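Data from query.cif: mmCIF, C-alpha atoms
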data_run
#
loop_
_atom_site.group_PDB
_atom_site.id
_atom_site.type_symbol
_atom_site.label_atom_id
_atom_site.label_comp_id
_atom_site.auth_asym_id
_atom_site.auth_seq_id
_atom_site.Cartn_x
_atom_site.Cartn_y
_atom_site.Cartn_z
ATOM 1 C CA MET A 1 306.032 -106.407 178.878
ATOM 2 C CA ASN A 2 308.785 -107.621 181.181
ATOM 3 C CA SER A 3 308.251 -109.091 184.618
ATOM 4 C CA PHE A 4 309.616 -105.987 186.345
ATOM 5 C CA MET A 5 306.959 -103.832 184.735
ATOM 6 C CA ASN A 6 304.301 -106.456 185.460
ATOM 7 C CA SER A 7 305.243 -106.306 189.137
ATOM 8 C CA VAL A 8 304.896 -102.519 189.341
ATOM 9 C CA LYS A 9 301.509 -101.623 190.741
ATOM 10 C CA PRO A 10 299.693 -98.456 189.755
ATOM 11 C CA VAL A 11 301.058 -95.555 191.727
ATOM 12 C CA ASP A 12 298.836 -94.423 194.557
ATOM 13 C CA THR A 13 299.788 -90.792 195.052
ATOM 14 C CA ARG A 14 298.777 -91.016 198.708
ATOM 15 C CA GLU A 15 301.718 -93.387 199.240
ATOM 16 C CA ILE A 16 304.297 -91.128 197.618
ATOM 17 C CA SER A 17 305.928 -88.293 199.421
ATOM 18 C CA PHE A 18 308.474 -86.995 196.941
ATOM 19 C CA THR A 19 310.244 -83.744 197.655
ATOM 20 C CA PRO A 20 310.831 -81.156 194.929
ATOM 21 C CA GLU A 21 314.390 -82.521 194.702
ATOM 22 C CA ASP A 22 313.028 -86.051 194.165
ATOM 23 C CA LEU A 23 310.826 -84.767 191.355
ATOM 24 C CA ARG A 24 313.741 -82.908 189.770
ATOM 25 C CA LEU A 25 315.845 -86.061 189.926
ATOM 26 C CA CYS A 26 313.107 -88.237 188.411
ATOM 27 C CA ASN A 27 312.351 -85.693 185.699
ATOM 28 C CA ALA A 28 316.013 -85.393 184.713
ATOM 29 C CA ALA A 29 316.316 -89.181 184.449
ATOM 30 C CA LEU A 30 313.049 -89.452 182.514
ATOM 31 C CA LYS A 31 314.178 -86.861 179.973
ATOM 32 C CA ALA A 32 317.621 -88.428 179.567
ATOM 33 C CA VAL A 33 316.406 -92.006 179.122
ATOM 34 C CA SER A 34 313.467 -91.115 176.883
ATOM 35 C CA ARG A 35 315.816 -89.162 174.591
ATOM 36 C CA ALA A 36 318.448 -91.897 174.582
ATOM 37 C CA SER A 37 315.797 -94.529 173.865
ATOM 38 C CA ASN A 38 314.139 -92.332 171.247
ATOM 39 C CA VAL A 39 310.692 -92.631 172.848
ATOM 40 C CA GLU A 40 310.099 -88.980 173.767
ATOM 41 C CA LYS A 41 306.920 -88.818 171.662
ATOM 42 C CA ASP A 42 305.568 -92.228 172.693
ATOM 43 C CA ALA A 43 303.289 -91.479 175.650
ATOM 44 C CA LEU A 44 302.882 -95.135 176.618
ATOM 45 C CA ALA A 45 306.625 -95.807 176.565
ATOM 46 C CA VAL A 46 307.320 -92.639 178.563
ATOM 47 C CA SER A 47 304.672 -93.682 181.111
ATOM 48 C CA ARG A 48 306.264 -97.123 181.475
ATOM 49 C CA LEU A 49 309.674 -95.522 181.848
ATOM 50 C CA ALA A 50 308.316 -93.139 184.487
ATOM 51 C CA LEU A 51 307.056 -96.120 186.505
ATOM 52 C CA VAL A 52 310.518 -97.684 186.381
ATOM 53 C CA ILE A 53 312.113 -94.430 187.539
ATOM 54 C CA ILE A 54 309.597 -93.937 190.348
ATOM 55 C CA GLU A 55 310.152 -97.487 191.571
ATOM 56 C CA LEU A 56 313.933 -97.049 191.535
ATOM 57 C CA ARG A 57 313.648 -93.762 193.413
ATOM 58 C CA LYS A 58 311.345 -95.377 195.973
ATOM 59 C CA ARG A 59 313.991 -98.096 196.403
ATOM 60 C CA GLY A 60 316.541 -95.461 197.334
ATOM 61 C CA VAL A 61 318.419 -94.480 194.176
ATOM 62 C CA GLN A 62 319.411 -90.877 194.844
ATOM 63 C CA ASP A 63 322.051 -90.125 192.225
ATOM 64 C CA VAL A 64 320.698 -88.883 188.883
ATOM 65 C CA GLU A 65 323.410 -90.681 186.919
ATOM 66 C CA GLN A 66 322.717 -93.993 188.662
ATOM 67 C CA LEU A 67 318.966 -93.515 188.299
ATOM 68 C CA THR A 68 319.363 -92.757 184.587
ATOM 69 C CA SER A 69 321.690 -95.704 184.034
ATOM 70 C CA LEU A 70 319.541 -98.239 185.901
ATOM 71 C CA ALA A 71 316.289 -96.998 184.372
ATOM 72 C CA GLY A 72 317.795 -97.130 180.899
ATOM 73 C CA GLU A 73 319.105 -100.653 181.474
ATOM 74 C CA ILE A 74 315.756 -101.897 182.743
ATOM 75 C CA PHE A 75 313.799 -100.116 180.013
ATOM 76 C CA GLU A 76 316.044 -101.348 177.197
ATOM 77 C CA ASN A 77 316.249 -104.940 178.510
ATOM 78 C CA PRO A 78 312.723 -106.252 178.993
ATOM 79 C CA GLY A 79 314.062 -109.528 180.402
ATOM 80 C CA LEU A 80 315.259 -107.870 183.618
ATOM 81 C CA ASN A 81 313.154 -108.589 186.644
ATOM 82 C CA ASP A 82 313.123 -107.989 190.383
ATOM 83 C CA ASP A 83 315.809 -110.658 190.855
ATOM 84 C CA SER A 84 318.271 -108.815 188.640
ATOM 85 C CA PRO A 85 321.339 -107.280 190.315
ATOM 86 C CA ALA A 86 320.464 -104.055 188.495
ATOM 87 C CA ILE A 87 317.219 -103.898 190.497
ATOM 88 C CA ASN A 88 318.486 -105.147 193.832
ATOM 89 C CA ASP A 89 321.833 -103.362 194.056
ATOM 90 C CA VAL A 90 320.578 -99.801 194.143
ATOM 91 C CA SER A 91 322.202 -98.597 197.331
#

Show the structure stored in the file as structure tokens.
Amino acid sequence: MNSFMNSVKPVDTREISFTPEDLRLCNAALKAVSRASNVEKDALAVSRLALVIIELRKRGVQDVEQLTSLAGEIFENPGLNDDSPAINDVS
């Protein structure tokens, strides 16, 4: 597991206040990346991907295309970490 995923803590739902639009955005990205990565039927991989997407959304990524692209890049490149421009340049 890469260092980005190691740094993601379990999600405490009391800390998250996603709107229905946030959930739609995250779900669209999750579906797109899981299909592109061919992991739709791998529950563990989809869960890991969901954590990446949630973290990116919490960091302010609001565009579904950017969220999909960044999540796919992070998911497909386990060497990326919190110091990566892909993680830090999400504005």

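For the atom pair formed by atom CA of Glu73 of chain A and atom CA of Glu21 of chain A, the distance is 22.9 Å, given to one decimal.
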
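For the set A:Thr68, A:Gln62, A:Phe18, A:Leu56, the residue with the smallest atom-to-atom gap to Ser34 of chain A is A:Thr68, counting all atoms listed in the file.
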
Inset, instruction - Just say which residues the PyMOL selection byres ((chain A and resi 29) around 12) picks in this file, as a ChimeraX atom specification. - result: /A:22-28,30-37,46,49-54,56-57,61-72

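Reported to one decimal place, the separation of atom CA of Asn38 of chain A from atom CA of Gly79 of chain A is 19.5 Å.
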
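Reported to one decimal place, the separation of atom CA of Ala43 of chain A from atom CA of Phe75 of chain A is 14.3 Å.
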
Quick one: segment 21-83 of chain A with C-alpha atoms, as a CSV table (one decimal), in the first residue's frame?
chain,number,residue,atom,x,y,z
A,21,GLU,CA,-24.1,17.0,-4.7
A,22,ASP,CA,-20.8,16.0,-3.0
A,23,LEU,CA,-22.0,12.4,-2.9
A,24,ARG,CA,-23.0,12.5,-6.5
A,25,LEU,CA,-19.6,13.8,-7.5
A,26,CYS,CA,-17.8,11.2,-5.4
A,27,ASN,CA,-20.0,8.4,-6.7
A,28,ALA,CA,-19.5,9.5,-10.4
A,29,ALA,CA,-15.7,9.5,-9.8
A,30,LEU,CA,-15.7,6.2,-8.0
A,31,LYS,CA,-17.6,4.5,-10.9
A,32,ALA,CA,-15.4,6.0,-13.6
A,33,VAL,CA,-12.1,5.1,-11.9
A,34,SER,CA,-13.2,1.7,-10.8
A,35,ARG,CA,-14.3,0.9,-14.4
A,36,ALA,CA,-11.2,2.3,-15.9
A,37,SER,CA,-9.0,0.4,-13.4
A,38,ASN,CA,-11.0,-2.8,-13.9
A,39,VAL,CA,-11.6,-3.2,-10.2
A,40,GLU,CA,-15.4,-2.8,-10.1
A,41,LYS,CA,-15.8,-6.3,-8.5
A,42,ASP,CA,-12.9,-6.0,-6.1
A,43,ALA,CA,-14.5,-4.7,-2.9
A,44,LEU,CA,-11.2,-4.0,-1.2
A,45,ALA,CA,-9.8,-2.0,-4.2
A,46,VAL,CA,-13.1,-0.1,-4.5
A,47,SER,CA,-12.9,0.8,-0.8
A,48,ARG,CA,-9.4,2.0,-1.1
A,49,LEU,CA,-10.3,4.1,-4.1
A,50,ALA,CA,-13.3,5.5,-2.2
A,51,LEU,CA,-11.0,6.7,0.5
A,52,VAL,CA,-8.8,8.4,-2.0
A,53,ILE,CA,-11.8,10.1,-3.6
A,54,ILE,CA,-13.2,11.2,-0.2
A,55,GLU,CA,-9.8,12.7,0.8
A,56,LEU,CA,-9.5,14.6,-2.5
A,57,ARG,CA,-13.1,15.9,-2.1
A,58,LYS,CA,-12.3,17.0,1.5
A,59,ARG,CA,-9.3,18.8,0.2
A,60,GLY,CA,-11.5,20.8,-2.1
A,61,VAL,CA,-11.6,19.1,-5.5
A,62,GLN,CA,-15.0,20.1,-6.8
A,63,ASP,CA,-14.9,19.2,-10.5
A,64,VAL,CA,-15.8,15.6,-11.4
A,65,GLU,CA,-13.3,15.4,-14.2
A,66,GLN,CA,-10.5,16.6,-11.9
A,67,LEU,CA,-11.6,14.3,-9.1
A,68,THR,CA,-11.7,11.4,-11.5
A,69,SER,CA,-8.3,12.2,-13.0
A,70,LEU,CA,-6.5,12.8,-9.7
A,71,ALA,CA,-8.1,9.7,-8.0
A,72,GLY,CA,-7.1,7.5,-11.0
A,73,GLU,CA,-3.6,8.8,-11.0
A,74,ILE,CA,-3.2,8.2,-7.2
A,75,PHE,CA,-4.8,4.8,-7.4
A,76,GLU,CA,-2.8,3.6,-10.4
A,77,ASN,CA,0.5,5.0,-9.0
A,78,PRO,CA,1.1,3.6,-5.6
A,79,GLY,CA,4.3,5.6,-5.2
A,80,LEU,CA,2.4,8.9,-5.0
A,81,ASN,CA,2.3,10.4,-1.5
A,82,ASP,CA,1.1,13.6,0.2
A,83,ASP,CA,4.1,15.5,-1.2
